[in-house]
Amino acid sequence: MASIHLTHMRSALSMAQHALNTNETPVGCILVHPVHGIVSTGQNATNETYNGTMHAEFIAINSLLSSSPCTLPKAQDGAEIPLGTSLQGLDLPERLKVLKQCSLYVTVEPCIMCASLLRQFGIADVYFGAGNEKFGGTGGVLDIQSSNGLFTESDREIKRTGKREVVGGDYGVSGGWLREEAILMLRRFYVQENGRAPEPRAKKERVLKLEVKPLGGKDKMSASTEKLVVEEVLSERPNGVETTIMSREKLRAGRKQSGGKQGVDKGLQVKKARQLKDVTDSGINGRLERQQDESLKDVD
Amino acid sequence: MTDNNGNLQHAEPYKSSSDCAIDRGSLAFLKTKLETRAGDNVMSVHVTAVPVKLASTAIGLIRTILPNDGGVDLQHLRRFAKYHEVNDHVRSAYAKVAPRNDGHIVFVIAAPMAITTRKFLADSLSPTLGSLVFFSIDVPLQAPTSQEQAALWSSRWWPTVYKKSNPFGPHPSIMARAEEDIEGDVRKWMDMAAEVAQQSKAAGFGEAVGVVIVERINGVSRPVAVAADARWLNWPSPGPGNVSAHAALRAIDMVSQWVRRSHEAGEKQEITTKNVGIFRGKPSLPLEEEHYRAQTNQTGYLCHDLEIYCTHEPCVMCSMAIVHSRFGRVVFENRMHTGGLCADGGLGHGLFWRKELNWQLLAWQWTRPTADTGFGFDQLRISDNRNACDELSSRADLNA
């Protein structure tokens with residue numbers, strides 16, 4: 001059933017929401033084991049740690065492999081993420097085995113770094129929401145999930161005809177799950193200030209746009225003029241310098257701002273409206289859609 | 001500054017020999033992804049031969065009938081070439097269409113074949129220039145990125161001009177200046193990386209892989225973090241080990257701790273340095289501890305414009321972590337076939353300089369002086385099929 005993927009993606013989204021509430025880039029993820037259920041959660045922690053590599057995937061894997069129980073935040077609407085059975089008592093080798101059988105649900109396509117992390121630790125499948133053609137590692141820029149990306153550019157043809165050899169460490173990827181929600185989450189962050197970005201850009205003119213282009217949009221003109229919000233937002237991930245107090249103030253201001261703008265009409269004309277170009281490459285679109293179709297088929 | 005002095009002590013044993021320039025080893029700038037692709041591309045052009053005296057008339061006429069060469073950039077190609085300036089392959093193409101060679105002609109690139117036909121050219125040019133012969137040859141599509149490449153292409157295709165610019169990567173002058181910056185002490189940092197690598201191996205913490213992060217301000221450089229691989233530290237074997245304990249990730253973590261500490265001073269209690277979960281940010285080896293307490297002047301992104309010196313080419317994950325952290329320069333010694341930096345060979349990702357990514361940095365491979373064998377550097381060569389920074393063995397196996 002496709003609905004199970006949607007359910008899991010909603011859990012990942014509530015992690016992203018939690019990140020947004022704590023002034024982190026709103027990317028969230030969960031790890032789901034076929035037997036144990038949801039065994040771990042993660043959200044971006046680059047601002048808190050001042051470490052630009054602390055993406056949600058690292059946090060989730062850390063949480064799974066650490067014996068200390070992971071603390072789960074409550075989703076904004078009060079609904080808790082339905083945790084699976086406890087792994088308490090499992091030692092590290094056993095947890096590493098569990099990880100290899102897990103599926104990752106993440107709101108934004110894993111970046112190249114995380115795609116490689118997942119490959120090296122081992123994971124069964126990745127389901128993601130929004131694509132990331134700026135540094136996505138599972139289709140956006142490279143295809144690390146297949147042969148470590150070796151054939152990303154040269155082997156598109158073979159890939160299309162499905163004759164590719166599966167190499168050890170390869171994992172399945174399926175994108176586009178609740179991507180509109182994931183994109184809106186990024187946009188909400190975008191209209192907030194990211195206090196730790198090196199030169200915080202004035203965001204007063206930024207307006208939350210609520211329309212999301214469907215995948216495979218044929219409007220070439222607008223595609224080329226669209227500004228990439230994924231880039232804008234994610235490029236601010238690594239940290240800069242600001243005291244927590246300052247960023248807390250900004251967070252409050254940002255909340256007010258984004259809260260106010262959420263009610264804006266869809267058709268509002270905005271001079272500097274920026275739109276997320278999710279995945280514009282039609283080749284990638286086609287593939288993602290096909291993969292999604294296939295995965296739908298698989299589970300129906 | 002005590003850190004700096006401490007570091008100099010470490011460099012001392014090798015310093016005596018590094019007075020001699022050749023002992024610094026050599027730096028080779030990595031080819032970017034675009035450069036590796038660009039070299040292979042050629043286009044076909046129409047070439048004609050006109051009497052030397054009519055050369056300028058011919059080019060004037062061509063510019064009139066095909067303004068701007070139809071939008072195709074030919075700036076990197078000599079427009080005219082004398083008979084003795086072209087290679088045999090061009091001469092024989094000419095010989096096939098011209099029954100005799102009177103020696104007083106000059107070859108002209110008339111137009112790219114993609115934009116016009118031979119008939120159109122003949123019809124347009126012949127009324128003024130008289131009867132002309134045309135033949136077609138292949139020429140490099142894009143500008144060469146070095147003098148050597150220009151010379152090679154000139155001998156293989158057509159006289160090609162190198163203009164000291166690089167549309168596919170960093171500008172040559174930037175590269176040259178950066179190389180001047182680092183060549184004086186590159187060996188010092190590479191030796192330090194090698195030393196911490198060996199400490200880790202000896203302690204059983206990880207593989208013999210090490211990195212040094214260096215801050216360079218007004219020409220003065222000093223290490224701000226030194227880290228070795230620690231994949232086997234509190235981790236079960238076999239398997240890939242702790243992936244998040246690769247040397248580059250650990251070093252970045254160490255820098256972040258200091259940046260965090262300096263910004264949160266007074267607000268929070270001292271951040272305790274410990275290894276949490278899978279993360280191995282705690283300095284554990286003598287060299288790591290010695291250089292851990294360096295202050296950084298980082299005020300923007302983490303690691304912004306810092307330099308990172310690595311014994312091995314960082315894996316895909318670590319390469320991207322370096323990009324995410326906004327390093328300015330990366331130098332490594334040993335290529336890895338699972339590495340993420342190189343564009344020519346291996347995985348070919350060339351992550352240090354890709355247009356898609358929102359950050360580019362300069363990257364070199366450093367070669368140790370050949371006479372340099374006394375320090376046990378052979379141990380750094382991956383011999384037992386065990387990974388250095390990733391799952392598999394040295395890329396040298398593949399290329400051999």
# chains A, B, ... in the order shown; residues from 1 in each chain; ligands from 1

call {"tool": "interface_residues", "arguments": {"of": "chain B", "to": "chain A", "cutoff": "6 Å", "atoms": "only C-alpha atoms", "output": "ChimeraX atom specification"}}
result
/B:256,260,277-278,299-302,317,320-321,325,347,356-357

call {"tool": "atom_distance", "arguments": {"atom1": "CA of Arg100 (chain B)", "atom2": "CA of Val50 (chain B)"}}
result
13.4 Å

call {"tool": "closest_residue", "arguments": {"among": "B:Leu341, B:Val330, B:Leu34, B:Ala251", "to": "Ile182 (chain B)", "atoms": "only C-alpha atoms"}}
result
B:Val330

call {"tool": "select_by_dssp", "arguments": {"residues": "region 109-233 of chain B", "states": "alpha helix (DSSP H)", "output": "PyMOL selection string"}}
result
chain B and resi 118-129+147-156+172-183+186-203

call {"tool": "write_last_selection", "arguments": {"atoms": "C-alpha atoms", "output": "mmCIF file, in the first residue's frame"}}
result
data_model
loop_
_atom_site.group_PDB
_atom_site.id
_atom_site.type_symbol
_atom_site.label_atom_id
_atom_site.label_comp_id
_atom_site.auth_asym_id
_atom_site.auth_seq_id
_atom_site.Cartn_x
_atom_site.Cartn_y
_atom_site.Cartn_z
ATOM 1 C CA ARG B 118 30.076 24.281 -48.610
ATOM 2 C CA LYS B 119 27.929 25.410 -51.518
ATOM 3 C CA PHE B 120 26.808 28.544 -49.730
ATOM 4 C CA LEU B 121 30.399 29.428 -48.943
ATOM 5 C CA ALA B 122 31.546 28.800 -52.498
ATOM 6 C CA ASP B 123 28.692 30.850 -53.932
ATOM 7 C CA SER B 124 29.341 33.735 -51.580
ATOM 8 C CA LEU B 125 33.130 33.858 -51.671
ATOM 9 C CA SER B 126 34.037 32.859 -55.216
ATOM 10 C CA PRO B 127 32.818 36.022 -56.969
ATOM 11 C CA THR B 128 35.441 38.005 -55.054
ATOM 12 C CA LEU B 129 38.149 35.495 -54.303
ATOM 13 C CA GLN B 147 49.793 25.714 -22.778
ATOM 14 C CA GLU B 148 50.530 22.007 -22.984
ATOM 15 C CA GLN B 149 47.017 21.216 -24.059
ATOM 16 C CA ALA B 150 47.154 23.936 -26.699
ATOM 17 C CA ALA B 151 50.392 22.478 -28.056
ATOM 18 C CA LEU B 152 48.926 18.996 -28.101
ATOM 19 C CA TRP B 153 45.777 20.099 -29.859
ATOM 20 C CA SER B 154 47.778 22.142 -32.346
ATOM 21 C CA SER B 155 49.731 19.087 -33.351
ATOM 22 C CA ARG B 156 46.686 16.857 -33.414
ATOM 23 C CA PRO B 172 44.969 29.855 -14.004
ATOM 24 C CA SER B 173 46.223 32.950 -12.229
ATOM 25 C CA ILE B 174 44.184 32.089 -9.145
ATOM 26 C CA MET B 175 45.566 28.587 -9.202
ATOM 27 C CA ALA B 176 49.104 29.843 -9.619
ATOM 28 C CA ARG B 177 48.795 32.286 -6.745
ATOM 29 C CA ALA B 178 47.250 29.683 -4.486
ATOM 30 C CA GLU B 179 49.993 27.271 -5.346
ATOM 31 C CA GLU B 180 52.600 29.855 -4.418
ATOM 32 C CA ASP B 181 50.834 30.277 -1.099
ATOM 33 C CA ILE B 182 50.915 26.658 -0.158
ATOM 34 C CA GLU B 183 53.971 25.158 -1.803
ATOM 35 C CA VAL B 186 52.601 21.816 1.946
ATOM 36 C CA ARG B 187 55.081 19.181 2.898
ATOM 37 C CA LYS B 188 54.987 20.146 6.554
ATOM 38 C CA TRP B 189 51.241 19.593 6.708
ATOM 39 C CA MET B 190 51.346 16.437 4.653
ATOM 40 C CA ASP B 191 53.972 15.023 6.969
ATOM 41 C CA MET B 192 51.860 15.944 9.954
ATOM 42 C CA ALA B 193 48.833 14.246 8.400
ATOM 43 C CA ALA B 194 50.956 11.181 7.760
ATOM 44 C CA GLU B 195 52.220 11.184 11.307
ATOM 45 C CA VAL B 196 48.784 11.311 12.900
ATOM 46 C CA ALA B 197 47.682 8.617 10.459
ATOM 47 C CA GLN B 198 50.390 6.359 11.750
ATOM 48 C CA GLN B 199 49.578 7.148 15.350
ATOM 49 C CA SER B 200 46.014 6.041 14.720
ATOM 50 C CA LYS B 201 47.046 2.842 13.023
ATOM 51 C CA ALA B 202 49.522 2.060 15.784
ATOM 52 C CA ALA B 203 46.923 2.697 18.466
#

call {"tool": "closest_residue", "arguments": {"among": "B:Thr116, B:Ser92, B:Thr36, B:Gln142", "to": "Gly70 (chain B)", "atoms": "only C-alpha atoms"}}
result
B:Thr116

call {"tool": "atom_distance", "arguments": {"atom1": "CA of Glu85 (chain B)", "atom2": "CA of Val108 (chain B)"}}
result
12.1 Å

call {"tool": "residues_around", "arguments": {"residues": "Val39 (chain A)", "least_positions_apart": "2", "cutoff": "7 Å", "atoms": "only C-alpha atoms", "output": "ChimeraX atom specification"}}
result
/A:31-33,36-37,64,83-84

call {"tool": "write_last_selection", "arguments": {"atoms": "C-alpha atoms", "output": "PDB file, in the first residue's frame"}}
result
ATOM      1  CA  LEU A  31      14.299   5.095   9.917  1.00  0.00           C
ATOM      2  CA  VAL A  32      11.747   2.315   9.597  1.00  0.00           C
ATOM      3  CA  HIS A  33      12.513  -1.341  10.144  1.00  0.00           C
ATOM      4  CA  HIS A  36      10.603  -3.130  14.641  1.00  0.00           C
ATOM      5  CA  GLY A  37       8.781  -0.228  12.987  1.00  0.00           C
ATOM      6  CA  LEU A  64      19.773   4.239  16.010  1.00  0.00           C
ATOM      7  CA  LEU A  83       7.657   4.624  17.706  1.00  0.00           C
ATOM      8  CA  GLY A  84       8.327   1.019  16.967  1.00  0.00           C
TER       9      GLY A  84
END

call {"tool": "atom_distance", "arguments": {"atom1": "CA of Pro170 (chain B)", "atom2": "CA of Leu361 (chain B)"}}
result
8.5 Å

call {"tool": "residues_around", "arguments": {"residues": "region 101-109 of chain A", "least_positions_apart": "2", "cutoff": "7 Å", "atoms": "only C-alpha atoms", "output": "list in words"}}
result
His8, Met9, Ala12, Leu13, Val27, Gly28, Cys29, Ile30, Leu31, Val32, His33, Pro34, Lys97, Val98, Leu99, Cys111, Ile123, Ala124, Asp125, Val126, Tyr127, Phe128, Gly129, Ala130, Gly131, Asn132, Gly136, Thr138 and Ala182 of chain A

call {"tool": "residues_around", "arguments": {"residues": "His246 (chain B)", "least_positions_apart": "6", "cutoff": "12 Å", "atoms": "only C-alpha atoms", "output": "NGL selection string"}}
result
(:A and (117 or 120)) or (:B and (197 or 200 or 205-211 or 227-233 or 240 or 252-253 or 278-281 or 310 or 312-319 or 321 or 387-391))

call {"tool": "write_last_selection", "arguments": {"atoms": "N, CA, C and O atoms", "output": "compact mmCIF listing (two decimals), in the first residue's frame"}}
result
# COMPACT_ATOMS: atom_id res chain seq x y z
N LEU A 117 27.08 8.36 2.94
CA LEU A 117 26.99 7.83 4.31
C LEU A 117 26.07 6.62 4.34
O LEU A 117 26.40 5.57 4.90
N GLN A 120 27.63 3.64 2.69
CA GLN A 120 28.72 2.99 3.41
C GLN A 120 28.24 2.26 4.66
O GLN A 120 28.76 1.19 4.99
N ALA B 197 48.22 9.84 11.05
CA ALA B 197 47.68 8.62 10.46
C ALA B 197 48.36 7.39 11.07
O ALA B 197 47.70 6.41 11.43
N SER B 200 47.32 6.68 14.62
CA SER B 200 46.01 6.04 14.72
C SER B 200 46.11 4.55 14.43
O SER B 200 45.53 3.72 15.13
N PHE B 205 43.18 2.60 16.51
CA PHE B 205 41.97 3.42 16.42
C PHE B 205 41.32 3.34 15.05
O PHE B 205 40.11 3.38 14.91
N GLY B 206 42.20 3.30 14.05
CA GLY B 206 41.63 3.34 12.70
C GLY B 206 42.66 3.00 11.66
O GLY B 206 43.75 2.51 11.97
N GLU B 207 42.33 3.29 10.41
CA GLU B 207 43.26 3.06 9.31
C GLU B 207 44.28 4.20 9.29
O GLU B 207 44.07 5.26 9.88
N ALA B 208 45.37 3.98 8.58
CA ALA B 208 46.43 4.99 8.53
C ALA B 208 46.05 6.11 7.58
O ALA B 208 46.60 6.27 6.49
N VAL B 209 45.07 6.88 8.01
CA VAL B 209 44.58 8.01 7.21
C VAL B 209 44.53 9.21 8.14
O VAL B 209 44.04 9.10 9.26
N GLY B 210 45.05 10.33 7.68
CA GLY B 210 45.04 11.51 8.53
C GLY B 210 44.80 12.78 7.76
O GLY B 210 45.03 12.83 6.54
N VAL B 211 44.32 13.80 8.45
CA VAL B 211 44.13 15.11 7.82
C VAL B 211 44.61 16.20 8.78
O VAL B 211 44.62 16.02 10.00
N ALA B 227 43.44 15.39 12.71
CA ALA B 227 42.62 14.21 13.04
C ALA B 227 43.01 13.04 12.17
O ALA B 227 43.37 13.19 11.00
N ALA B 228 42.93 11.87 12.75
CA ALA B 228 43.16 10.64 12.01
C ALA B 228 41.86 9.88 11.89
O ALA B 228 40.89 10.17 12.57
N ASP B 229 41.87 8.91 11.03
CA ASP B 229 40.75 8.00 10.93
C ASP B 229 40.58 7.28 12.28
O ASP B 229 41.57 6.94 12.92
N ALA B 230 39.32 7.09 12.70
CA ALA B 230 39.10 6.39 13.98
C ALA B 230 37.96 5.39 13.84
O ALA B 230 37.16 5.21 14.75
N ARG B 231 37.92 4.75 12.68
CA ARG B 231 36.76 3.90 12.42
C ARG B 231 36.68 2.66 13.31
O ARG B 231 35.61 2.07 13.42
N TRP B 232 37.81 2.28 13.90
CA TRP B 232 37.75 1.07 14.76
C TRP B 232 37.71 1.40 16.23
O TRP B 232 37.76 0.51 17.07
N LEU B 233 37.61 2.68 16.53
CA LEU B 233 37.56 3.09 17.94
C LEU B 233 36.18 2.74 18.51
O LEU B 233 35.16 3.30 18.10
N PRO B 240 32.65 -1.95 7.39
CA PRO B 240 33.31 -0.71 6.98
C PRO B 240 33.82 0.09 8.17
O PRO B 240 34.47 1.11 7.99
N ILE B 252 36.55 18.23 10.98
CA ILE B 252 35.52 19.27 10.85
C ILE B 252 34.77 19.41 12.16
O ILE B 252 34.47 20.51 12.63
N ASP B 253 34.50 18.28 12.78
CA ASP B 253 33.81 18.27 14.07
C ASP B 253 34.63 19.03 15.12
O ASP B 253 34.10 19.83 15.90
N ILE B 278 27.86 7.87 17.47
CA ILE B 278 28.77 7.47 16.40
C ILE B 278 29.82 8.55 16.12
O ILE B 278 30.73 8.34 15.34
N PHE B 279 29.68 9.71 16.73
CA PHE B 279 30.59 10.81 16.40
C PHE B 279 31.87 10.69 17.21
O PHE B 279 31.87 10.30 18.38
N ARG B 280 32.97 11.02 16.57
CA ARG B 280 34.29 10.85 17.20
C ARG B 280 35.05 12.16 17.18
O ARG B 280 36.17 12.25 16.70
N GLY B 281 34.40 13.20 17.68
CA GLY B 281 35.01 14.52 17.64
C GLY B 281 36.03 14.77 18.73
O GLY B 281 36.67 15.81 18.76
N CYS B 310 45.28 16.05 3.29
CA CYS B 310 44.82 14.68 3.55
C CYS B 310 45.84 13.67 3.01
O CYS B 310 46.37 13.85 1.91
N HIS B 312 44.98 10.79 2.07
CA HIS B 312 44.29 10.07 1.01
C HIS B 312 43.16 10.93 0.44
O HIS B 312 42.59 11.76 1.16
N GLU B 313 42.84 10.69 -0.79
CA GLU B 313 41.71 11.40 -1.40
C GLU B 313 40.46 11.10 -0.57
O GLU B 313 40.13 9.93 -0.34
N PRO B 314 39.76 12.12 -0.12
CA PRO B 314 38.56 11.88 0.69
C PRO B 314 37.50 11.12 -0.11
O PRO B 314 37.38 11.30 -1.32
N CYS B 315 36.75 10.26 0.59
CA CYS B 315 35.68 9.51 -0.08
C CYS B 315 34.57 10.49 -0.49
O CYS B 315 34.63 11.68 -0.19
N VAL B 316 33.56 9.99 -1.16
CA VAL B 316 32.47 10.84 -1.65
C VAL B 316 31.84 11.61 -0.49
O VAL B 316 31.62 12.83 -0.58
N MET B 317 31.59 10.92 0.60
CA MET B 317 30.97 11.56 1.76
C MET B 317 31.86 12.70 2.29
O MET B 317 31.39 13.83 2.49
N CYS B 318 33.14 12.38 2.51
CA CYS B 318 34.04 13.38 3.08
C CYS B 318 34.29 14.52 2.10
O CYS B 318 34.42 15.68 2.50
N SER B 319 34.37 14.22 0.81
CA SER B 319 34.54 15.28 -0.18
C SER B 319 33.38 16.26 -0.12
O SER B 319 33.57 17.48 -0.17
N ALA B 321 31.42 16.70 2.43
CA ALA B 321 31.48 17.40 3.72
C ALA B 321 32.43 18.59 3.62
O ALA B 321 32.19 19.65 4.20
N ASN B 387 40.13 -0.48 3.09
CA ASN B 387 39.85 0.87 2.66
C ASN B 387 40.64 1.89 3.42
O ASN B 387 40.96 1.73 4.57
N ALA B 388 40.88 3.00 2.76
CA ALA B 388 41.47 4.12 3.47
C ALA B 388 40.36 5.03 3.90
O ALA B 388 40.10 5.19 5.07
N CYS B 389 39.67 5.60 2.98
CA CYS B 389 38.62 6.52 3.37
C CYS B 389 37.28 5.97 2.93
O CYS B 389 36.27 6.61 3.03
N ASP B 390 37.27 4.79 2.42
CA ASP B 390 36.01 4.27 1.93
C ASP B 390 36.11 2.76 1.89
O ASP B 390 37.01 2.18 2.51
N GLU B 391 35.25 2.17 1.14
CA GLU B 391 35.13 0.73 1.27
C GLU B 391 36.29 -0.06 0.69
O GLU B 391 36.57 -1.15 1.11
